[in-house]
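One structure below.
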Amino acid sequence: MTAHTKLMTLGAALQKAARNTLEDGWIFLRDREPNTESECLLVYGAPDDSPIAAERGFILEGLDTATLEDSADWCTQFEDEPSMELLLEAFLYYWKHDAWLPHPGAAEPASQEEVERLQAIEFNELLGTERTTVQCKVPRCERGAIVNSSLCRKHHFEAIQKRPYTE
Ligand SMILES: [Zn+2]
C-alpha cells in the first residue's frame with residue numbers, strides 16, 4: 001500500500017465528507033480544540049499503525065471518513081444543508097464523547113458520577129425529614145424514621161438505591 005496524505009483545514013475535510021468526496025481514510029489533528037480553520041492531515045492508503053501523521057506533527061487521531069460522512073448525514077436532521085459550524089460541533093462531540101450530537105448546542109454529556117450524584121440529590125429531596133417521634137427500625141440506629149417508612153433517610157435510601165448514602 002502506498003500511503004497518501006492531504007493537508008487541509010478541518011472545515012474543508014468536514015465539508016468534503018458531507019458531500020461524500022473525501023477520500024476513504026483517517027484525519028489526524030494537532031490541536032485538541034480544533035476549529036474549522038485548524039489544519040488536519042488526511043491519511044489514506046496507509047496501514048492502521050502508520051506513523052506518517054505523527055511524523056508530521058499530527059499526533060491526534062481524528063475520525064475516519066465513514067464516520068465523518070455518517071456524522072454529516074446525522075446533521076441533516078437539524079439542518080437540510082448542515083453549516084460548517086454544525087458539522088464541526090457534531091465532529092467534536094463524536095470525537096470527544098463517541099456519540100452522535102443529540103442536538104445543536106447540546107451540553108457535554110454528564111459523567112456517570114454526575115448522573116448518580118444528581119439522582120441522589122433528587123431522591124434525597126423525596127425522602128423528606130425524619131420524624132422525632134418514630135425511631136428507625138434498624139438496630140442501634142438513632143435516627144428518626146421518615147414519613148411513610150419505618151426507616152431513617154439513610155437506611156431508606158440504602159435499602160432502595162442499593163448504594164451508600166451521602167448527606
Ligand atoms: Zn436508620
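Identifiers in this document derive from the order of the C-alpha cells: chains are assigned A, B, ..., residues are numbered from 1 separately in each chain, and ligands are numbered from 1 in order of occurrence.
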
Would you mind listing what lies within 12 Å of Glu89 (chain A) as a PDB file with all heavy atoms, in the first residue's frame, with only C-alpha atoms counted and same-chain residues fewer than 2 positions away left out?
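Listing of selection_23.pdb after writing:
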ATOM      1  N   LEU A  10      -9.715  21.566   8.755  1.00  0.00           N
ATOM      2  CA  LEU A  10     -10.731  20.647   9.265  1.00  0.00           C
ATOM      3  C   LEU A  10     -12.081  20.952   8.629  1.00  0.00           C
ATOM      4  O   LEU A  10     -12.833  20.047   8.273  1.00  0.00           O
ATOM      5  CB  LEU A  10     -10.804  20.755  10.797  1.00  0.00           C
ATOM      6  CG  LEU A  10     -11.865  19.897  11.481  1.00  0.00           C
ATOM      7  CD1 LEU A  10     -11.687  18.419  11.151  1.00  0.00           C
ATOM      8  CD2 LEU A  10     -11.823  20.111  12.992  1.00  0.00           C
ATOM      9  N   GLY A  11     -12.359  22.249   8.460  1.00  0.00           N
ATOM     10  CA  GLY A  11     -13.626  22.650   7.841  1.00  0.00           C
ATOM     11  C   GLY A  11     -13.772  22.053   6.446  1.00  0.00           C
ATOM     12  O   GLY A  11     -14.839  21.544   6.083  1.00  0.00           O
ATOM     13  N   LEU A  14     -14.484  18.329   6.662  1.00  0.00           N
ATOM     14  CA  LEU A  14     -15.861  18.055   7.082  1.00  0.00           C
ATOM     15  C   LEU A  14     -16.833  18.289   5.924  1.00  0.00           C
ATOM     16  O   LEU A  14     -17.785  17.512   5.733  1.00  0.00           O
ATOM     17  CB  LEU A  14     -16.236  18.934   8.282  1.00  0.00           C
ATOM     18  CG  LEU A  14     -15.428  18.676   9.572  1.00  0.00           C
ATOM     19  CD1 LEU A  14     -15.795  19.689  10.655  1.00  0.00           C
ATOM     20  CD2 LEU A  14     -15.655  17.252  10.076  1.00  0.00           C
ATOM     21  N   GLU A  33      -8.488  21.194  20.613  1.00  0.00           N
ATOM     22  CA  GLU A  33      -9.709  22.000  20.486  1.00  0.00           C
ATOM     23  C   GLU A  33      -9.704  22.667  19.111  1.00  0.00           C
ATOM     24  O   GLU A  33      -9.601  23.889  19.004  1.00  0.00           O
ATOM     25  CB  GLU A  33      -9.764  23.074  21.593  1.00  0.00           C
ATOM     26  CG  GLU A  33      -9.856  22.538  23.006  1.00  0.00           C
ATOM     27  CD  GLU A  33     -11.192  21.859  23.300  1.00  0.00           C
ATOM     28  OE1 GLU A  33     -12.199  22.167  22.628  1.00  0.00           O
ATOM     29  OE2 GLU A  33     -11.210  21.003  24.215  1.00  0.00           O
ATOM     30  N   PRO A  34      -9.802  21.886  18.057  1.00  0.00           N
ATOM     31  CA  PRO A  34      -9.669  22.461  16.715  1.00  0.00           C
ATOM     32  C   PRO A  34     -10.902  23.281  16.319  1.00  0.00           C
ATOM     33  O   PRO A  34     -11.998  23.065  16.834  1.00  0.00           O
ATOM     34  CB  PRO A  34      -9.530  21.232  15.820  1.00  0.00           C
ATOM     35  CG  PRO A  34     -10.273  20.163  16.552  1.00  0.00           C
ATOM     36  CD  PRO A  34     -10.102  20.447  18.017  1.00  0.00           C
ATOM     37  N   ASN A  35     -10.671  24.227  15.392  1.00  0.00           N
ATOM     38  CA  ASN A  35     -11.807  24.927  14.782  1.00  0.00           C
ATOM     39  C   ASN A  35     -11.789  24.610  13.288  1.00  0.00           C
ATOM     40  O   ASN A  35     -10.969  23.811  12.833  1.00  0.00           O
ATOM     41  CB  ASN A  35     -11.745  26.429  15.078  1.00  0.00           C
ATOM     42  CG  ASN A  35     -10.432  27.032  14.615  1.00  0.00           C
ATOM     43  OD1 ASN A  35      -9.962  26.763  13.507  1.00  0.00           O
ATOM     44  ND2 ASN A  35      -9.823  27.836  15.476  1.00  0.00           N
ATOM     45  N   THR A  36     -12.677  25.250  12.542  1.00  0.00           N
ATOM     46  CA  THR A  36     -12.797  24.888  11.124  1.00  0.00           C
ATOM     47  C   THR A  36     -11.535  25.278  10.337  1.00  0.00           C
ATOM     48  O   THR A  36     -11.282  24.731   9.274  1.00  0.00           O
ATOM     49  CB  THR A  36     -14.022  25.565  10.475  1.00  0.00           C
ATOM     50  OG1 THR A  36     -13.957  26.967  10.730  1.00  0.00           O
ATOM     51  CG2 THR A  36     -15.312  25.017  11.048  1.00  0.00           C
ATOM     52  N   LEU A  68     -17.110  10.405   9.534  1.00  0.00           N
ATOM     53  CA  LEU A  68     -17.365  11.814   9.194  1.00  0.00           C
ATOM     54  C   LEU A  68     -18.584  11.940   8.292  1.00  0.00           C
ATOM     55  O   LEU A  68     -19.411  12.840   8.457  1.00  0.00           O
ATOM     56  CB  LEU A  68     -16.140  12.420   8.499  1.00  0.00           C
ATOM     57  CG  LEU A  68     -14.860  12.533   9.333  1.00  0.00           C
ATOM     58  CD1 LEU A  68     -13.726  13.088   8.486  1.00  0.00           C
ATOM     59  CD2 LEU A  68     -15.085  13.401  10.562  1.00  0.00           C
ATOM     60  N   SER A  71     -21.658  11.307  10.387  1.00  0.00           N
ATOM     61  CA  SER A  71     -21.924  12.447  11.264  1.00  0.00           C
ATOM     62  C   SER A  71     -22.595  13.578  10.471  1.00  0.00           C
ATOM     63  O   SER A  71     -23.539  14.208  10.946  1.00  0.00           O
ATOM     64  CB  SER A  71     -20.616  12.928  11.901  1.00  0.00           C
ATOM     65  OG  SER A  71     -20.856  14.027  12.748  1.00  0.00           O
ATOM     66  N   ALA A  72     -22.106  13.804   9.246  1.00  0.00           N
ATOM     67  CA  ALA A  72     -22.695  14.841   8.392  1.00  0.00           C
ATOM     68  C   ALA A  72     -24.143  14.474   8.043  1.00  0.00           C
ATOM     69  O   ALA A  72     -25.042  15.316   8.051  1.00  0.00           O
ATOM     70  CB  ALA A  72     -21.866  15.018   7.124  1.00  0.00           C
ATOM     71  N   TRP A  74     -26.110  12.608   9.830  1.00  0.00           N
ATOM     72  CA  TRP A  74     -26.864  12.769  11.081  1.00  0.00           C
ATOM     73  C   TRP A  74     -27.310  14.224  11.235  1.00  0.00           C
ATOM     74  O   TRP A  74     -28.413  14.506  11.701  1.00  0.00           O
ATOM     75  CB  TRP A  74     -25.964  12.340  12.250  1.00  0.00           C
ATOM     76  CG  TRP A  74     -26.504  12.584  13.605  1.00  0.00           C
ATOM     77  CD1 TRP A  74     -26.177  13.629  14.440  1.00  0.00           C
ATOM     78  CD2 TRP A  74     -27.457  11.785  14.323  1.00  0.00           C
ATOM     79  NE1 TRP A  74     -26.869  13.522  15.621  1.00  0.00           N
ATOM     80  CE2 TRP A  74     -27.658  12.399  15.569  1.00  0.00           C
ATOM     81  CE3 TRP A  74     -28.152  10.609  14.014  1.00  0.00           C
ATOM     82  CZ2 TRP A  74     -28.529  11.884  16.530  1.00  0.00           C
ATOM     83  CZ3 TRP A  74     -29.026  10.102  14.968  1.00  0.00           C
ATOM     84  CH2 TRP A  74     -29.205  10.736  16.207  1.00  0.00           C
ATOM     85  N   CYS A  75     -26.427  15.153  10.823  1.00  0.00           N
ATOM     86  CA  CYS A  75     -26.712  16.590  10.982  1.00  0.00           C
ATOM     87  C   CYS A  75     -27.856  17.065  10.094  1.00  0.00           C
ATOM     88  O   CYS A  75     -28.459  18.102  10.369  1.00  0.00           O
ATOM     89  CB  CYS A  75     -25.458  17.410  10.662  1.00  0.00           C
ATOM     90  SG  CYS A  75     -24.196  17.293  11.937  1.00  0.00           S
ATOM     91  N   PRO A  82     -26.239  21.125   6.333  1.00  0.00           N
ATOM     92  CA  PRO A  82     -25.548  21.454   7.589  1.00  0.00           C
ATOM     93  C   PRO A  82     -24.436  22.484   7.383  1.00  0.00           C
ATOM     94  O   PRO A  82     -23.634  22.365   6.466  1.00  0.00           O
ATOM     95  CB  PRO A  82     -24.956  20.109   8.029  1.00  0.00           C
ATOM     96  CG  PRO A  82     -25.804  19.082   7.368  1.00  0.00           C
ATOM     97  CD  PRO A  82     -26.217  19.686   6.067  1.00  0.00           C
ATOM     98  N   SER A  83     -24.442  23.514   8.220  1.00  0.00           N
ATOM     99  CA  SER A  83     -23.410  24.544   8.153  1.00  0.00           C
ATOM    100  C   SER A  83     -22.091  23.962   8.639  1.00  0.00           C
ATOM    101  O   SER A  83     -22.052  22.922   9.303  1.00  0.00           O
ATOM    102  CB  SER A  83     -23.801  25.730   9.031  1.00  0.00           C
ATOM    103  OG  SER A  83     -23.815  25.315  10.387  1.00  0.00           O
ATOM    104  N   MET A  84     -21.024  24.672   8.319  1.00  0.00           N
ATOM    105  CA  MET A  84     -19.695  24.250   8.756  1.00  0.00           C
ATOM    106  C   MET A  84     -19.646  24.195  10.282  1.00  0.00           C
ATOM    107  O   MET A  84     -19.021  23.309  10.860  1.00  0.00           O
ATOM    108  CB  MET A  84     -18.669  25.265   8.249  1.00  0.00           C
ATOM    109  CG  MET A  84     -17.291  24.759   8.343  1.00  0.00           C
ATOM    110  SD  MET A  84     -16.590  24.515   6.718  1.00  0.00           S
ATOM    111  CE  MET A  84     -15.528  25.926   6.609  1.00  0.00           C
ATOM    112  N   GLU A  85     -20.313  25.144  10.933  1.00  0.00           N
ATOM    113  CA  GLU A  85     -20.308  25.191  12.406  1.00  0.00           C
ATOM    114  C   GLU A  85     -20.980  23.944  12.980  1.00  0.00           C
ATOM    115  O   GLU A  85     -20.503  23.366  13.943  1.00  0.00           O
ATOM    116  CB  GLU A  85     -21.044  26.448  12.917  1.00  0.00           C
ATOM    117  CG  GLU A  85     -20.308  27.761  12.694  1.00  0.00           C
ATOM    118  CD  GLU A  85     -20.206  28.132  11.218  1.00  0.00           C
ATOM    119  OE1 GLU A  85     -21.157  27.826  10.440  1.00  0.00           O
ATOM    120  OE2 GLU A  85     -19.166  28.697  10.825  1.00  0.00           O
ATOM    121  N   LEU A  86     -22.095  23.568  12.361  1.00  0.00           N
ATOM    122  CA  LEU A  86     -22.806  22.383  12.855  1.00  0.00           C
ATOM    123  C   LEU A  86     -21.974  21.114  12.614  1.00  0.00           C
ATOM    124  O   LEU A  86     -21.878  20.246  13.483  1.00  0.00           O
ATOM    125  CB  LEU A  86     -24.178  22.265  12.172  1.00  0.00           C
ATOM    126  CG  LEU A  86     -25.023  21.044  12.586  1.00  0.00           C
ATOM    127  CD1 LEU A  86     -25.288  21.047  14.091  1.00  0.00           C
ATOM    128  CD2 LEU A  86     -26.343  21.019  11.816  1.00  0.00           C
ATOM    129  N   LEU A  87     -21.359  21.043  11.432  1.00  0.00           N
ATOM    130  CA  LEU A  87     -20.512  19.876  11.130  1.00  0.00           C
ATOM    131  C   LEU A  87     -19.369  19.781  12.143  1.00  0.00           C
ATOM    132  O   LEU A  87     -19.030  18.700  12.616  1.00  0.00           O
ATOM    133  CB  LEU A  87     -19.948  19.980   9.715  1.00  0.00           C
ATOM    134  CG  LEU A  87     -20.967  19.855   8.573  1.00  0.00           C
ATOM    135  CD1 LEU A  87     -20.286  20.120   7.228  1.00  0.00           C
ATOM    136  CD2 LEU A  87     -21.638  18.489   8.569  1.00  0.00           C
ATOM    137  N   PHE A  91     -18.756  16.882  14.811  1.00  0.00           N
ATOM    138  CA  PHE A  91     -17.459  16.191  14.788  1.00  0.00           C
ATOM    139  C   PHE A  91     -16.850  16.169  16.179  1.00  0.00           C
ATOM    140  O   PHE A  91     -16.433  15.114  16.664  1.00  0.00           O
ATOM    141  CB  PHE A  91     -16.497  16.899  13.811  1.00  0.00           C
ATOM    142  CG  PHE A  91     -15.064  16.474  13.999  1.00  0.00           C
ATOM    143  CD1 PHE A  91     -14.611  15.268  13.487  1.00  0.00           C
ATOM    144  CD2 PHE A  91     -14.170  17.270  14.720  1.00  0.00           C
ATOM    145  CE1 PHE A  91     -13.290  14.854  13.687  1.00  0.00           C
ATOM    146  CE2 PHE A  91     -12.850  16.866  14.917  1.00  0.00           C
ATOM    147  CZ  PHE A  91     -12.415  15.659  14.409  1.00  0.00           C
ATOM    148  N   LEU A  92     -16.786  17.333  16.825  1.00  0.00           N
ATOM    149  CA  LEU A  92     -16.152  17.424  18.143  1.00  0.00           C
ATOM    150  C   LEU A  92     -16.883  16.548  19.162  1.00  0.00           C
ATOM    151  O   LEU A  92     -16.257  15.892  19.996  1.00  0.00           O
ATOM    152  CB  LEU A  92     -16.125  18.880  18.628  1.00  0.00           C
ATOM    153  CG  LEU A  92     -15.185  19.803  17.846  1.00  0.00           C
ATOM    154  CD1 LEU A  92     -15.342  21.241  18.313  1.00  0.00           C
ATOM    155  CD2 LEU A  92     -13.731  19.347  17.977  1.00  0.00           C
ATOM    156  N   TYR A  93     -18.198  16.557  19.066  1.00  0.00           N
ATOM    157  CA  TYR A  93     -18.987  15.766  20.026  1.00  0.00           C
ATOM    158  C   TYR A  93     -18.679  14.280  19.858  1.00  0.00           C
ATOM    159  O   TYR A  93     -18.437  13.570  20.829  1.00  0.00           O
ATOM    160  CB  TYR A  93     -20.487  16.039  19.808  1.00  0.00           C
ATOM    161  CG  TYR A  93     -21.329  15.647  20.993  1.00  0.00           C
ATOM    162  CD1 TYR A  93     -21.638  16.589  21.980  1.00  0.00           C
ATOM    163  CD2 TYR A  93     -21.811  14.353  21.141  1.00  0.00           C
ATOM    164  CE1 TYR A  93     -22.401  16.236  23.078  1.00  0.00           C
ATOM    165  CE2 TYR A  93     -22.566  13.994  22.238  1.00  0.00           C
ATOM    166  CZ  TYR A  93     -22.869  14.943  23.198  1.00  0.00           C
ATOM    167  OH  TYR A  93     -23.624  14.590  24.289  1.00  0.00           O
ATOM    168  N   TYR A  94     -18.660  13.842  18.614  1.00  0.00           N
ATOM    169  CA  TYR A  94     -18.387  12.423  18.381  1.00  0.00           C
ATOM    170  C   TYR A  94     -16.952  12.073  18.759  1.00  0.00           C
ATOM    171  O   TYR A  94     -16.671  11.039  19.369  1.00  0.00           O
ATOM    172  CB  TYR A  94     -18.654  12.049  16.908  1.00  0.00           C
ATOM    173  CG  TYR A  94     -18.717  10.551  16.716  1.00  0.00           C
ATOM    174  CD1 TYR A  94     -19.935   9.888  16.723  1.00  0.00           C
ATOM    175  CD2 TYR A  94     -17.551   9.794  16.589  1.00  0.00           C
ATOM    176  CE1 TYR A  94     -19.991   8.511  16.600  1.00  0.00           C
ATOM    177  CE2 TYR A  94     -17.601   8.414  16.468  1.00  0.00           C
ATOM    178  CZ  TYR A  94     -18.832   7.786  16.471  1.00  0.00           C
ATOM    179  OH  TYR A  94     -18.887   6.420  16.355  1.00  0.00           O
ATOM    180  N   TRP A  95     -16.055  12.952  18.398  1.00  0.00           N
ATOM    181  CA  TRP A  95     -14.627  12.713  18.652  1.00  0.00           C
ATOM    182  C   TRP A  95     -14.363  12.590  20.149  1.00  0.00           C
ATOM    183  O   TRP A  95     -13.632  11.719  20.601  1.00  0.00           O
ATOM    184  CB  TRP A  95     -13.827  13.876  18.056  1.00  0.00           C
ATOM    185  CG  TRP A  95     -12.347  13.676  18.006  1.00  0.00           C
ATOM    186  CD1 TRP A  95     -11.687  12.516  17.711  1.00  0.00           C
ATOM    187  CD2 TRP A  95     -11.349  14.669  18.228  1.00  0.00           C
ATOM    188  NE1 TRP A  95     -10.326  12.743  17.741  1.00  0.00           N
ATOM    189  CE2 TRP A  95     -10.081  14.039  18.052  1.00  0.00           C
ATOM    190  CE3 TRP A  95     -11.385  16.024  18.534  1.00  0.00           C
ATOM    191  CZ2 TRP A  95      -8.878  14.736  18.194  1.00  0.00           C
ATOM    192  CZ3 TRP A  95     -10.191  16.719  18.660  1.00  0.00           C
ATOM    193  CH2 TRP A  95      -8.950  16.072  18.504  1.00  0.00           C
ATOM    194  N   LYS A  96     -14.989  13.478  20.920  1.00  0.00           N
ATOM    195  CA  LYS A  96     -14.710  13.500  22.360  1.00  0.00           C
ATOM    196  C   LYS A  96     -15.548  12.493  23.141  1.00  0.00           C
ATOM    197  O   LYS A  96     -15.093  11.955  24.146  1.00  0.00           O
ATOM    198  CB  LYS A  96     -14.989  14.899  22.930  1.00  0.00           C
ATOM    199  CG  LYS A  96     -14.010  15.942  22.443  1.00  0.00           C
ATOM    200  CD  LYS A  96     -14.368  17.300  22.999  1.00  0.00           C
ATOM    201  CE  LYS A  96     -13.415  18.355  22.473  1.00  0.00           C
ATOM    202  NZ  LYS A  96     -13.790  19.702  22.940  1.00  0.00           N
ATOM    203  N   HIS A  97     -16.764  12.287  22.700  1.00  0.00           N
ATOM    204  CA  HIS A  97     -17.687  11.507  23.535  1.00  0.00           C
ATOM    205  C   HIS A  97     -18.139  10.205  22.893  1.00  0.00           C
ATOM    206  O   HIS A  97     -18.928   9.468  23.485  1.00  0.00           O
ATOM    207  CB  HIS A  97     -18.922  12.347  23.880  1.00  0.00           C
ATOM    208  CG  HIS A  97     -18.562  13.684  24.435  1.00  0.00           C
ATOM    209  ND1 HIS A  97     -17.786  13.839  25.557  1.00  0.00           N
ATOM    210  CD2 HIS A  97     -18.840  14.941  24.008  1.00  0.00           C
ATOM    211  CE1 HIS A  97     -17.610  15.127  25.801  1.00  0.00           C
ATOM    212  NE2 HIS A  97     -18.229  15.812  24.879  1.00  0.00           N
ATOM    213  N   ALA A  99     -20.229   9.664  20.585  1.00  0.00           N
ATOM    214  CA  ALA A  99     -21.696   9.641  20.484  1.00  0.00           C
ATOM    215  C   ALA A  99     -22.139  10.717  19.496  1.00  0.00           C
ATOM    216  O   ALA A  99     -21.469  11.732  19.327  1.00  0.00           O
ATOM    217  CB  ALA A  99     -22.320   9.907  21.850  1.00  0.00           C
ATOM    218  N   TRP A 100     -23.283  10.486  18.854  1.00  0.00           N
ATOM    219  CA  TRP A 100     -23.828  11.481  17.923  1.00  0.00           C
ATOM    220  C   TRP A 100     -24.295  12.702  18.696  1.00  0.00           C
ATOM    221  O   TRP A 100     -24.798  12.581  19.821  1.00  0.00           O
ATOM    222  CB  TRP A 100     -24.985  10.894  17.121  1.00  0.00           C
ATOM    223  CG  TRP A 100     -24.649   9.640  16.398  1.00  0.00           C
ATOM    224  CD1 TRP A 100     -25.173   8.396  16.625  1.00  0.00           C
ATOM    225  CD2 TRP A 100     -23.686   9.473  15.335  1.00  0.00           C
ATOM    226  NE1 TRP A 100     -24.591   7.491  15.766  1.00  0.00           N
ATOM    227  CE2 TRP A 100     -23.684   8.110  14.975  1.00  0.00           C
ATOM    228  CE3 TRP A 100     -22.840  10.354  14.655  1.00  0.00           C
ATOM    229  CZ2 TRP A 100     -22.863   7.605  13.971  1.00  0.00           C
ATOM    230  CZ3 TRP A 100     -22.020   9.849  13.661  1.00  0.00           C
ATOM    231  CH2 TRP A 100     -22.035   8.490  13.321  1.00  0.00           C
ATOM    232  N   LEU A 101     -24.145  13.848  18.075  1.00  0.00           N
ATOM    233  CA  LEU A 101     -24.611  15.095  18.692  1.00  0.00           C
ATOM    234  C   LEU A 101     -26.117  15.005  18.947  1.00  0.00           C
ATOM    235  O   LEU A 101     -26.893  14.804  18.011  1.00  0.00           O
ATOM    236  CB  LEU A 101     -24.306  16.261  17.742  1.00  0.00           C
ATOM    237  CG  LEU A 101     -24.711  17.652  18.210  1.00  0.00           C
ATOM    238  CD1 LEU A 101     -23.814  18.101  19.364  1.00  0.00           C
ATOM    239  CD2 LEU A 101     -24.630  18.640  17.049  1.00  0.00           C
ATOM    240  N   PRO A 102     -26.564  15.136  20.202  1.00  0.00           N
ATOM    241  CA  PRO A 102     -28.007  14.985  20.470  1.00  0.00           C
ATOM    242  C   PRO A 102     -28.832  16.063  19.774  1.00  0.00           C
ATOM    243  O   PRO A 102     -29.914  15.801  19.262  1.00  0.00           O
ATOM    244  CB  PRO A 102     -28.117  15.132  21.988  1.00  0.00           C
ATOM    245  CG  PRO A 102     -26.731  14.900  22.516  1.00  0.00           C
ATOM    246  CD  PRO A 102     -25.788  15.343  21.436  1.00  0.00           C
ATOM    247  N   HIS A 103     -28.319  17.293  19.767  1.00  0.00           N
ATOM    248  CA  HIS A 103     -28.965  18.412  19.078  1.00  0.00           C
ATOM    249  C   HIS A 103     -27.976  19.565  19.076  1.00  0.00           C
ATOM    250  O   HIS A 103     -27.073  19.586  19.913  1.00  0.00           O
ATOM    251  CB  HIS A 103     -30.273  18.816  19.791  1.00  0.00           C
ATOM    252  CG  HIS A 103     -30.065  19.157  21.229  1.00  0.00           C
ATOM    253  ND1 HIS A 103     -29.672  20.413  21.655  1.00  0.00           N
ATOM    254  CD2 HIS A 103     -30.136  18.405  22.353  1.00  0.00           C
ATOM    255  CE1 HIS A 103     -29.535  20.413  22.970  1.00  0.00           C
ATOM    256  NE2 HIS A 103     -29.803  19.201  23.421  1.00  0.00           N
ATOM    257  N   PRO A 104     -28.136  20.525  18.148  1.00  0.00           N
ATOM    258  CA  PRO A 104     -27.187  21.643  18.135  1.00  0.00           C
ATOM    259  C   PRO A 104     -27.190  22.359  19.481  1.00  0.00           C
ATOM    260  O   PRO A 104     -28.253  22.555  20.082  1.00  0.00           O
ATOM    261  CB  PRO A 104     -27.728  22.548  17.019  1.00  0.00           C
ATOM    262  CG  PRO A 104     -28.490  21.627  16.118  1.00  0.00           C
ATOM    263  CD  PRO A 104     -29.102  20.612  17.048  1.00  0.00           C
ATOM    264  N   GLY A 105     -26.020  22.705  19.949  1.00  0.00           N
ATOM    265  CA  GLY A 105     -25.916  23.401  21.231  1.00  0.00           C
ATOM    266  C   GLY A 105     -25.986  22.472  22.427  1.00  0.00           C
ATOM    267  O   GLY A 105     -26.110  22.928  23.562  1.00  0.00           O
ATOM    268  N   ALA A 106     -25.906  21.164  22.182  1.00  0.00           N
ATOM    269  CA  ALA A 106     -26.009  20.199  23.283  1.00  0.00           C
ATOM    270  C   ALA A 106     -24.866  20.389  24.276  1.00  0.00           C
ATOM    271  O   ALA A 106     -23.738  20.671  23.889  1.00  0.00           O
ATOM    272  CB  ALA A 106     -25.983  18.773  22.733  1.00  0.00           C
ATOM    273  N   ALA A 107     -25.193  20.236  25.543  1.00  0.00           N
ATOM    274  CA  ALA A 107     -24.167  20.319  26.576  1.00  0.00           C
ATOM    275  C   ALA A 107     -23.320  19.056  26.538  1.00  0.00           C
ATOM    276  O   ALA A 107     -23.721  18.048  25.976  1.00  0.00           O
ATOM    277  CB  ALA A 107     -24.824  20.475  27.938  1.00  0.00           C
ATOM    278  N   GLU A 108     -22.156  19.141  27.140  1.00  0.00           N
ATOM    279  CA  GLU A 108     -21.316  17.959  27.291  1.00  0.00           C
ATOM    280  C   GLU A 108     -22.126  16.907  28.051  1.00  0.00           C
ATOM    281  O   GLU A 108     -22.852  17.255  28.976  1.00  0.00           O
ATOM    282  CB  GLU A 108     -20.078  18.302  28.127  1.00  0.00           C
ATOM    283  CG  GLU A 108     -19.254  19.442  27.585  1.00  0.00           C
ATOM    284  CD  GLU A 108     -18.291  18.992  26.508  1.00  0.00           C
ATOM    285  OE1 GLU A 108     -17.505  18.094  26.787  1.00  0.00           O
ATOM    286  OE2 GLU A 108     -18.367  19.541  25.387  1.00  0.00           O
TER     287      GLU A 108
END

Could you give me, as a tab-separated table, a per-residue list for chain A showing, wherever an atom lies at most 10 Å from an atom of ligand 1, the closest pair of atoms and their distance in Å to one decimal, using only C-alpha atoms and all ligand atoms and sorting by chain then residue number from low to high?
residue	atom	partner	partner_atom_place_in_ligand_line	distance
A:Glu130	CA	ligand 1	1 (Zn)	9.7
A:Gln135	CA	ligand 1	1 (Zn)	7.9
A:Cys136	CA	ligand 1	1 (Zn)	4.6
A:Lys137	CA	ligand 1	1 (Zn)	6.6
A:Val138	CA	ligand 1	1 (Zn)	5.4
A:Pro139	CA	ligand 1	1 (Zn)	8.0
A:Arg140	CA	ligand 1	1 (Zn)	8.1
A:Cys141	CA	ligand 1	1 (Zn)	4.7
A:Glu142	CA	ligand 1	1 (Zn)	6.7
A:Arg143	CA	ligand 1	1 (Zn)	5.4
A:Gly144	CA	ligand 1	1 (Zn)	7.1
A:Ala145	CA	ligand 1	1 (Zn)	7.0
A:Ile146	CA	ligand 1	1 (Zn)	9.5
A:Ser150	CA	ligand 1	1 (Zn)	8.7
A:Leu151	CA	ligand 1	1 (Zn)	5.4
A:Cys152	CA	ligand 1	1 (Zn)	4.2
A:Arg153	CA	ligand 1	1 (Zn)	6.8
A:Lys154	CA	ligand 1	1 (Zn)	5.8
A:His155	CA	ligand 1	1 (Zn)	4.7
A:His156	CA	ligand 1	1 (Zn)	7.4
A:Phe157	CA	ligand 1	1 (Zn)	9.6
A:Glu158	CA	ligand 1	1 (Zn)	9.6

Please dump the current selection as a CSV table (one decimal), in the first residue's frame; keep C-alpha atoms.
chain,number,residue,atom,x,y,z
A,130,GLU,CA,-37.0,12.3,59.8
A,135,GLN,CA,-37.2,5.8,65.5
A,136,CYS,CA,-35.6,4.0,62.6
A,137,LYS,CA,-36.2,0.3,62.9
A,138,VAL,CA,-32.6,-0.7,62.1
A,139,PRO,CA,-31.0,-1.8,65.4
A,140,ARG,CA,-28.8,0.8,67.1
A,141,CYS,CA,-29.7,3.5,64.5
A,142,GLU,CA,-30.6,6.6,66.5
A,143,ARG,CA,-32.2,8.5,63.7
A,144,GLY,CA,-35.9,9.1,63.3
A,145,ALA,CA,-37.9,7.3,60.6
A,146,ILE,CA,-39.2,9.3,57.7
A,150,SER,CA,-40.0,2.6,59.2
A,151,LEU,CA,-36.5,3.7,58.2
A,152,CYS,CA,-34.5,6.8,58.6
A,153,ARG,CA,-33.3,8.7,55.5
A,154,LYS,CA,-30.0,6.9,55.3
A,155,HIS,CA,-31.4,3.4,55.7
A,156,HIS,CA,-34.4,4.0,53.5
A,157,PHE,CA,-32.0,5.4,50.8
A,158,GLU,CA,-29.7,2.4,51.0

Extract, using only C-alpha atoms, all DNA, RNA and protein residues at most 8 Å from Gly45 (chain A), discarding same-chain residues fewer than 6 positions from it, and format them as a list in words. Met1, Thr2, Ala3, His4 and Gly25 of chain A

Next, write the just-selected residues to a file, as a tab-separated table (two decimals), in the first residue's frame, keeping all heavy atoms as the atom set.
chain	number	residue	atom	x	y	z
A	1	MET	N	0.84	-1.21	0.00
A	1	MET	CA	0.00	0.00	0.00
A	1	MET	C	0.87	1.25	0.00
A	1	MET	O	1.85	1.31	0.73
A	1	MET	CB	-0.87	0.01	1.26
A	1	MET	CG	-2.16	-0.76	1.09
A	1	MET	SD	-3.35	-0.40	2.40
A	1	MET	CE	-2.57	-1.15	3.82
A	2	THR	N	0.49	2.19	-0.79
A	2	THR	CA	1.21	3.46	-0.77
A	2	THR	C	0.40	4.45	0.04
A	2	THR	O	-0.78	4.67	-0.22
A	2	THR	CB	1.37	4.02	-2.20
A	2	THR	OG1	1.71	2.94	-3.06
A	2	THR	CG2	2.43	5.09	-2.25
A	3	ALA	N	1.05	5.02	1.04
A	3	ALA	CA	0.35	5.99	1.88
A	3	ALA	C	0.25	7.33	1.16
A	3	ALA	O	1.21	7.79	0.56
A	3	ALA	CB	1.10	6.15	3.19
A	4	HIS	N	-0.94	7.90	1.24
A	4	HIS	CA	-1.14	9.23	0.68
A	4	HIS	C	-1.55	10.15	1.80
A	4	HIS	O	-2.23	9.73	2.73
A	4	HIS	CB	-2.26	9.22	-0.37
A	4	HIS	CG	-1.94	8.39	-1.56
A	4	HIS	ND1	-1.22	8.85	-2.63
A	4	HIS	CD2	-2.24	7.11	-1.83
A	4	HIS	CE1	-1.09	7.88	-3.53
A	4	HIS	NE2	-1.72	6.81	-3.06
A	25	GLY	N	-10.20	7.45	4.33
A	25	GLY	CA	-9.03	7.34	5.20
A	25	GLY	C	-9.33	7.82	6.60
A	25	GLY	O	-10.46	7.66	7.07
